[in-house]
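I have placed the structure first, in the form of structure tokens, so that the comments after it can refer back to it.
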Amino acid sequence: MRYANVAFPLSVNQVFTYSVPSQLDAVLQPGVRVLAPFRKTKQEGVVVERINETDLTPERIKNVSVCLDETPMFSPEMLSLTKWMADYYVCPWGISLFCAVPAAVRTEKKEQVRLLPEAPSPIGKVQKKIVALLEAEGDLSVNQLARRAGMSPQDVRPRITALRGKKIVTLDVTHKPKATTQVTTVASLALPATDIEAEIAQLRGNASDSSNRRHAADVKRAEALQLLLEEGSPLTTAGLAKRVGASVSILRTLERRGVIHITKAQAVRNPMSSESVAPTQPFSLNPAQSAALAEIRETLSSHAMKPAANGNSPLTFLLHGVTGSGKTEVYMQAMAEVLEKGKSVIVLVPEISLTPQTASRFVGRFGERVALLHSRLSDGERYDQWHRIQNGEANIVIGPRSAIFAPVEKLGMLIIDEEHSDSYKSDTAPRYHAREVAHKRSELANCPVILGSATPSLESFHQAQNRSYQLLNLPNRVFDRKMPDVHIVDMRSELKKGNRTIFSDLLRNAIETSLVRQEQIILFLNRRGHSTYVFCRNCGYVEQCENCSISLTYHRQTEQLTCHHCGSTRSPHQTCPQCGSEAIRFFGAGTEAVEQEVRKAFPNASVMRFDADSTARKNAHQQILEAFRQQKIDILIGTQMVSKGLDFPNVTLVGVIAADTALNLPDFRASEQTFSLLTQVAGRSGRADLEGQVILQTYMPEHYCIKSAQQHDYIGFYTQEVEARDALRYPPFSHVATLLLRGTDEKEVIEGAHTVREQLEIWQADQAASDTEPATIEILGPAPAPLTKIEGKFRWHLLLRSTHSEKMSQLLKRFTDEPPPTISKAIEFVVDIDPTNIL
């Protein structure tokens, strides 16, 4: 086959055809990465197919430059999966492909600006400054030039282009691996075990002779040999020398004697190397767990693995278990059978903070077969973990949503814990939902999916009610532990009593009692920062982001106002810029304010925050949770990060500072997300022998989602919520999609939004006329998005609703491929299929 079609990670929804040089013909298989000429540079892409013929004329076809892989990075299954994602989520195939591999495994594009010899003199102040910098310092990257010239990279690029046109500079582009294999020095035994034991005995005999000046060194050599004998595998020379408390020279002596070998070997950067994990055995299951596991095993053994007629695998299990019901143990025992057959398992968790904790449990059970994949790993760690999986050295993968793309061999099971979590939905292209991608991957791999949650998404539970999923119930906690008592405090009554603090009397007293008993407390508030808005009491002026249509949040730690959407920061005004008044006040509480109030009210307690600000540095998640586990922290204050999957036996009190913060958002999922969050965070209390209690503070105690959370009543909540959704034809009774338009010119955005609606209606009519079974697609809007301006761009959106999601994707794909020419080129379009919020 003479040609190859290549997909690039660019916003161009097509593949490009290249000629294959004869020397690359054998290695250029579908799934390998290549460098190929594209728009006056070389671009990394993926070969998606080989073809014999093309309609392009020979002069338009360029050669592939370099093949980057000896074997395909993308399997046929992964090519099919990413193509489905591109079609369903309406994005270019190349972007979908490169989303499936971590950046650490890909190449990194580097651009160096180089001054040409005997170049003519530049014209213009900035051009002269750039040339002077290159003469003084040599080759520089675009970013280095921009920093030294005091400009932005966007502003310096046109100047570089102009200098290139005048043959004054050239731009050298290279592609190098972002991470590579790390090599280390290891020591291994060179003789049989009996000879090593004899050598150890001799060294210890020498050491017992106090007149021998080599006494200390021989002791250390004997210890090193003993460690190598006990480990039974090579150890790094640096690590071995450190363990025996000596220098590497003692090992060199053993090498010269022919007792050990010292060689170079690949070092695996293990993100869990600093942790010691105790091995565990399967626990005895209670009757409900046993019934769930038996049903999984029976279904696996008795059903042929064929996709169901409705597109869902018949082997999708929904494990609905209350918090603390032992879902993880069911996962692990179900996995064991799959692993015994030589297959692999992917386990998804909703938060990066949960990955180390979950991984420890799986490592304790399954050993070194476990690999971690998540964005907080270093480039080297991600590189090594990914290659361990690809090489078959690890057949259990644990991580957040991106782990769904792990290159495992023989996928045998997919598990999604806390499947209701909206963190499984990506907020950048391709805007995929890991649960839906898991269903597609299970279909391609012919394997089962287990979804687990105490508060399943309405879509998943509706599928179970319709028998598309197999429902498994764990209605009680393990060891018959009692569910925590949940108390609702009406904060309106607290105000009437004159209590204007963030703590109700009930919560304050409960915290005092728990501290006296040396029990631990979790306080939950799903808002970061200190004050959620700053305003003038005289004229009502509110400190707002200049780029976004939202108020700024005050962070006391940095003494800055911060926008949680665009990230811009500035100092607060001392006087009102509108009326000049000094009556600037800070209102609304975030986790920083709660921390401050807790420290003031309980000065002897050890307090820590657990939110995106306090866990920004590497391993901070793990360090805080480990300190809490060791009971070095009395009160942990957190956002939704504390609500999912954490298991601490000494936590007996959970306090929810404001249970209704999200209830009034203009989003049809607001009640569902509030109920899930409250139920999940309540489930952190009383998970061991000590009974727990939960205190929900709210201004809306009569709302059915608050009442249902108090009763741990998922079915009651589902019944009411699904009735409301049915009346409005929202999911699970339809699929929805949003098409967002954003731009700096508000008038252009509004006009463009109306043009989009008109064009979609025309195309929909065409689509309906040509389809034998036309699908009804309801188009709502356009309207201003609830967040009308973010990062200086005005936002309008349309909402599409239909029972046929594929038809919506096809309609929106046509729009992205053929946007109306009357719409300004400056307007950006964002397509989101099955969004988890419509803000």
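Following the order of the structure tokens, chains are lettered A, B, ..., residues in each are numbered from 1, and ligands are numbered from 1.
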
_Surrounding residues of range 435-445 of chain A excluding itself and chain neighbours under 4 positions, 10 Å, only C-alpha atoms, as a ChimeraX atom specification_ = /A:76-78,80-82,84-85,305-308,311-316,346,348,401,404-405,410-416,419-421,424-425,449-451,460,834

*asked:* Need the shell around Gln578 in chain A: protein/DNA/RNA residues with any atom at most 10 Å away, counting only C-alpha atoms. Skip same-chain ones fewer than 4 positions apart. Format as a PyMOL selection string?
replied: chain A and resi 536+538-542

_I need the residues of range 456-655 of chain A that end up classed as strand (DSSP E) by DSSP on the backbone, written out as a PyMOL selection string._
chain A and resi 470-474+485-490+520-524+533-536+553-555+560-562+569-570+584-587+607-610+635-638+651-655

Selected residues written out with C-alpha atoms, as a compact mmCIF listing (two decimals), in the first residue's frame:
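Resulting contents of part.txt:
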```txt
# COMPACT_ATOMS: atom_id res chain seq x y z
CA GLN A 470 -28.26 -5.69 35.80
CA LEU A 471 -29.06 -4.18 39.23
CA LEU A 472 -27.21 -5.51 42.29
CA ASN A 473 -28.11 -4.16 45.75
CA LEU A 474 -26.06 -3.77 48.93
CA ASP A 485 -27.98 9.76 62.13
CA VAL A 486 -28.56 12.86 60.02
CA HIS A 487 -29.83 16.04 61.70
CA ILE A 488 -31.12 19.02 59.70
CA VAL A 489 -30.59 22.48 61.16
CA ASP A 490 -32.75 25.32 59.80
CA GLN A 520 -12.29 13.06 64.21
CA ILE A 521 -14.48 15.50 62.33
CA ILE A 522 -15.00 16.39 58.66
CA LEU A 523 -16.50 19.80 57.84
CA PHE A 524 -17.76 20.19 54.28
CA TYR A 533 -17.86 38.07 47.27
CA VAL A 534 -16.74 41.56 48.31
CA PHE A 535 -19.11 44.51 48.10
CA CYS A 536 -19.77 48.07 49.22
CA THR A 553 -13.44 35.37 45.63
CA TYR A 554 -11.18 36.72 48.36
CA HIS A 555 -8.32 34.43 49.47
CA GLN A 560 -5.85 38.54 46.73
CA LEU A 561 -9.17 38.54 44.89
CA THR A 562 -9.24 35.56 42.51
CA THR A 569 -6.01 37.94 40.50
CA ARG A 570 -5.78 41.45 41.96
CA ILE A 584 -16.07 47.60 51.79
CA ARG A 585 -17.16 44.32 53.36
CA PHE A 586 -16.33 40.65 52.80
CA PHE A 587 -19.34 38.31 52.61
CA VAL A 607 -7.06 21.68 61.74
CA MET A 608 -6.30 21.18 58.03
CA ARG A 609 -7.92 22.25 54.76
CA PHE A 610 -8.36 19.75 51.92
CA ILE A 635 -10.76 18.50 61.96
CA LEU A 636 -10.51 18.20 58.19
CA ILE A 637 -12.23 20.98 56.22
CA GLY A 638 -12.84 20.29 52.56
CA VAL A 651 -14.53 9.96 61.89
CA THR A 652 -17.78 10.17 63.86
CA LEU A 653 -19.02 13.63 62.89
CA VAL A 654 -19.59 15.21 59.50
CA GLY A 655 -20.80 18.81 59.43
```

*Have a look at A:Leu811, A:Ala36, A:Ala727, A:Ile168 and name the one nearest to Asp766 in chain A; count only C-alpha atoms.*
A:Leu811

*Just the residues within 12 Å of Ala217 in chain A, please, counting only C-alpha atoms, with nothing from its chain fewer than 6 positions along; format it as a VMD selection string.*
chain A and resid 203 to 204 206 to 208 223 to 224 241 244 to 254

Produce a file of the selected residues containing N, CA and C atoms, as a compact mmCIF listing (two decimals), in the first residue's frame.
```
# COMPACT_ATOMS: atom_id res chain seq x y z
N LEU A 203 32.49 -13.82 55.81
CA LEU A 203 32.60 -12.39 56.12
C LEU A 203 32.30 -12.11 57.58
N ARG A 204 31.28 -12.80 58.10
CA ARG A 204 30.93 -12.60 59.52
C ARG A 204 32.03 -13.15 60.42
N ASN A 206 35.24 -13.18 59.61
CA ASN A 206 36.31 -12.17 59.58
C ASN A 206 35.98 -11.03 60.52
N ALA A 207 34.68 -10.65 60.51
CA ALA A 207 34.26 -9.51 61.34
C ALA A 207 34.40 -9.80 62.82
N SER A 208 34.29 -11.09 63.20
CA SER A 208 34.37 -11.43 64.63
C SER A 208 35.80 -11.32 65.16
N GLU A 223 25.87 -7.99 55.24
CA GLU A 223 24.48 -7.49 55.27
C GLU A 223 23.94 -7.30 53.85
N ALA A 224 24.78 -6.76 52.95
CA ALA A 224 24.36 -6.54 51.57
C ALA A 224 24.04 -7.85 50.88
N ALA A 241 23.26 0.15 49.16
CA ALA A 241 24.27 0.78 50.02
C ALA A 241 23.61 1.60 51.12
N VAL A 244 22.24 -0.66 53.98
CA VAL A 244 23.23 -1.23 54.91
C VAL A 244 24.07 -0.15 55.58
N GLY A 245 23.85 1.12 55.17
CA GLY A 245 24.56 2.23 55.81
C GLY A 245 26.01 2.30 55.44
N ALA A 246 26.32 2.10 54.15
CA ALA A 246 27.71 2.14 53.70
C ALA A 246 27.78 2.77 52.31
N SER A 247 28.99 2.90 51.79
CA SER A 247 29.16 3.46 50.45
C SER A 247 29.11 2.33 49.42
N VAL A 248 28.98 2.73 48.15
CA VAL A 248 28.89 1.75 47.06
C VAL A 248 30.20 0.98 46.89
N SER A 249 31.29 1.50 47.44
CA SER A 249 32.60 0.84 47.26
C SER A 249 32.60 -0.59 47.83
N ILE A 250 31.82 -0.85 48.89
CA ILE A 250 31.80 -2.21 49.44
C ILE A 250 31.21 -3.20 48.43
N LEU A 251 30.31 -2.71 47.57
CA LEU A 251 29.72 -3.56 46.54
C LEU A 251 30.71 -3.81 45.42
N ARG A 252 31.54 -2.80 45.11
CA ARG A 252 32.55 -2.98 44.08
C ARG A 252 33.55 -4.06 44.49
N THR A 253 33.87 -4.13 45.78
CA THR A 253 34.77 -5.18 46.28
C THR A 253 34.15 -6.55 46.06
N LEU A 254 32.85 -6.70 46.37
CA LEU A 254 32.16 -7.98 46.15
C LEU A 254 32.12 -8.33 44.67
```

*asked:* I'd like the neighbourhood of Pro456 in chain A as number ranges by chain, where a residue qualifies if any of its atoms comes within 12 Å (using only C-alpha atoms), though same-chain residues fewer than 5 positions away should be ignored.
replied: A: 317-323, 416-422, 435, 451, 461-465, 471-473, 672-673, 675-677, 679-680, 714-715, 717-718

Include C-alpha atoms and write out the residues we just selected as a tab-separated table (two decimals), in the first residue's frame.
```
chain	number	residue	atom	x	y	z
A	317	PHE	CA	-23.83	-4.32	36.29
A	318	LEU	CA	-25.01	-1.45	38.49
A	319	LEU	CA	-23.82	-2.15	42.03
A	320	HIS	CA	-26.04	0.10	44.15
A	321	GLY	CA	-24.70	-0.01	47.69
A	322	VAL	CA	-25.03	2.43	50.58
A	323	THR	CA	-21.84	4.12	51.77
A	416	ILE	CA	-16.22	2.59	37.51
A	417	ASP	CA	-16.44	3.48	41.19
A	418	GLU	CA	-18.69	6.39	42.23
A	419	GLU	CA	-20.08	6.27	38.69
A	420	HIS	CA	-22.40	9.23	39.37
A	421	SER	CA	-19.50	11.68	39.68
A	422	ASP	CA	-19.40	14.52	37.15
A	435	ARG	CA	-18.82	5.95	31.56
A	451	LEU	CA	-20.75	0.62	37.81
A	461	PHE	CA	-30.53	3.79	37.58
A	462	HIS	CA	-33.13	4.34	34.84
A	463	GLN	CA	-31.22	1.85	32.66
A	464	ALA	CA	-31.29	-0.64	35.53
A	465	GLN	CA	-35.03	-0.11	36.01
A	471	LEU	CA	-29.06	-4.18	39.23
A	472	LEU	CA	-27.21	-5.51	42.29
A	473	ASN	CA	-28.11	-4.16	45.75
A	672	GLU	CA	-29.31	15.42	41.72
A	673	GLN	CA	-25.82	16.80	42.30
A	675	PHE	CA	-28.40	14.96	46.84
A	676	SER	CA	-25.38	12.92	45.71
A	677	LEU	CA	-22.92	15.27	47.37
A	679	THR	CA	-25.29	11.55	50.74
A	680	GLN	CA	-21.67	10.88	49.84
A	714	TYR	CA	-32.08	7.17	47.21
A	715	ILE	CA	-35.23	5.51	45.88
A	717	PHE	CA	-35.24	10.94	45.76
A	718	TYR	CA	-35.08	9.09	42.41
```

_I need the residues of range 225-296 of chain A that end up classed as helix (DSSP H, G or I) by DSSP on the backbone, written out as a ChimeraX atom specification._
/A:225-231,237-244,249-256,287-296

*Find the spatial neighbours of Leu293 in chain A, counting only C-alpha atoms, within a cut-off of 9 Å - ignore same-chain residues fewer than 2 positions away - and output them as number ranges by chain.*
A: 288-291, 295-298, 330-331, 333-334, 472

Expected file contents, prior selection, N, CA, C and O atoms, as an mmCIF file, in the first residue's frame:
```cif
data_model
loop_
_atom_site.group_PDB
_atom_site.id
_atom_site.type_symbol
_atom_site.label_atom_id
_atom_site.label_comp_id
_atom_site.auth_asym_id
_atom_site.auth_seq_id
_atom_site.Cartn_x
_atom_site.Cartn_y
_atom_site.Cartn_z
ATOM 1 N N ALA A 288 -25.553 -10.057 51.362
ATOM 2 C CA ALA A 288 -25.819 -9.199 50.204
ATOM 3 C C ALA A 288 -24.617 -9.152 49.270
ATOM 4 O O ALA A 288 -24.765 -9.221 48.036
ATOM 5 N N GLN A 289 -23.405 -9.053 49.828
ATOM 6 C CA GLN A 289 -22.201 -9.060 48.996
ATOM 7 C C GLN A 289 -22.062 -10.397 48.266
ATOM 8 O O GLN A 289 -21.733 -10.431 47.078
ATOM 9 N N SER A 290 -22.307 -11.476 48.990
ATOM 10 C CA SER A 290 -22.197 -12.815 48.377
ATOM 11 C C SER A 290 -23.180 -12.966 47.226
ATOM 12 O O SER A 290 -22.845 -13.522 46.167
ATOM 13 N N ALA A 291 -24.406 -12.456 47.422
ATOM 14 C CA ALA A 291 -25.424 -12.561 46.366
ATOM 15 C C ALA A 291 -25.010 -11.744 45.147
ATOM 16 O O ALA A 291 -25.163 -12.195 44.001
ATOM 17 N N GLU A 295 -24.065 -13.368 41.491
ATOM 18 C CA GLU A 295 -24.792 -12.972 40.283
ATOM 19 C C GLU A 295 -23.824 -12.540 39.180
ATOM 20 O O GLU A 295 -24.017 -12.863 38.008
ATOM 21 N N ILE A 296 -22.764 -11.836 39.580
ATOM 22 C CA ILE A 296 -21.751 -11.433 38.592
ATOM 23 C C ILE A 296 -21.094 -12.671 38.000
ATOM 24 O O ILE A 296 -20.968 -12.815 36.767
ATOM 25 N N ARG A 297 -20.678 -13.599 38.850
ATOM 26 C CA ARG A 297 -19.999 -14.814 38.372
ATOM 27 C C ARG A 297 -20.916 -15.663 37.495
ATOM 28 O O ARG A 297 -20.488 -16.168 36.452
ATOM 29 N N GLU A 298 -22.162 -15.793 37.921
ATOM 30 C CA GLU A 298 -23.102 -16.614 37.151
ATOM 31 C C GLU A 298 -23.347 -16.005 35.771
ATOM 32 O O GLU A 298 -23.340 -16.699 34.755
ATOM 33 N N VAL A 330 -16.323 -6.427 46.790
ATOM 34 C CA VAL A 330 -17.011 -7.133 45.699
ATOM 35 C C VAL A 330 -16.241 -6.942 44.394
ATOM 36 O O VAL A 330 -16.045 -7.899 43.627
ATOM 37 N N TYR A 331 -15.776 -5.698 44.147
ATOM 38 C CA TYR A 331 -14.964 -5.454 42.942
ATOM 39 C C TYR A 331 -13.766 -6.400 42.915
ATOM 40 O O TYR A 331 -13.486 -7.049 41.905
ATOM 41 N N GLN A 333 -13.041 -9.215 44.494
ATOM 42 C CA GLN A 333 -13.278 -10.649 44.341
ATOM 43 C C GLN A 333 -13.817 -10.978 42.952
ATOM 44 O O GLN A 333 -13.551 -12.064 42.420
ATOM 45 N N ALA A 334 -14.559 -10.054 42.339
ATOM 46 C CA ALA A 334 -15.011 -10.265 40.961
ATOM 47 C C ALA A 334 -13.819 -10.185 40.004
ATOM 48 O O ALA A 334 -13.724 -10.956 39.039
ATOM 49 N N LEU A 472 -27.653 -4.754 41.119
ATOM 50 C CA LEU A 472 -27.212 -5.508 42.293
ATOM 51 C C LEU A 472 -27.299 -4.572 43.493
ATOM 52 O O LEU A 472 -26.840 -3.429 43.417
#
```
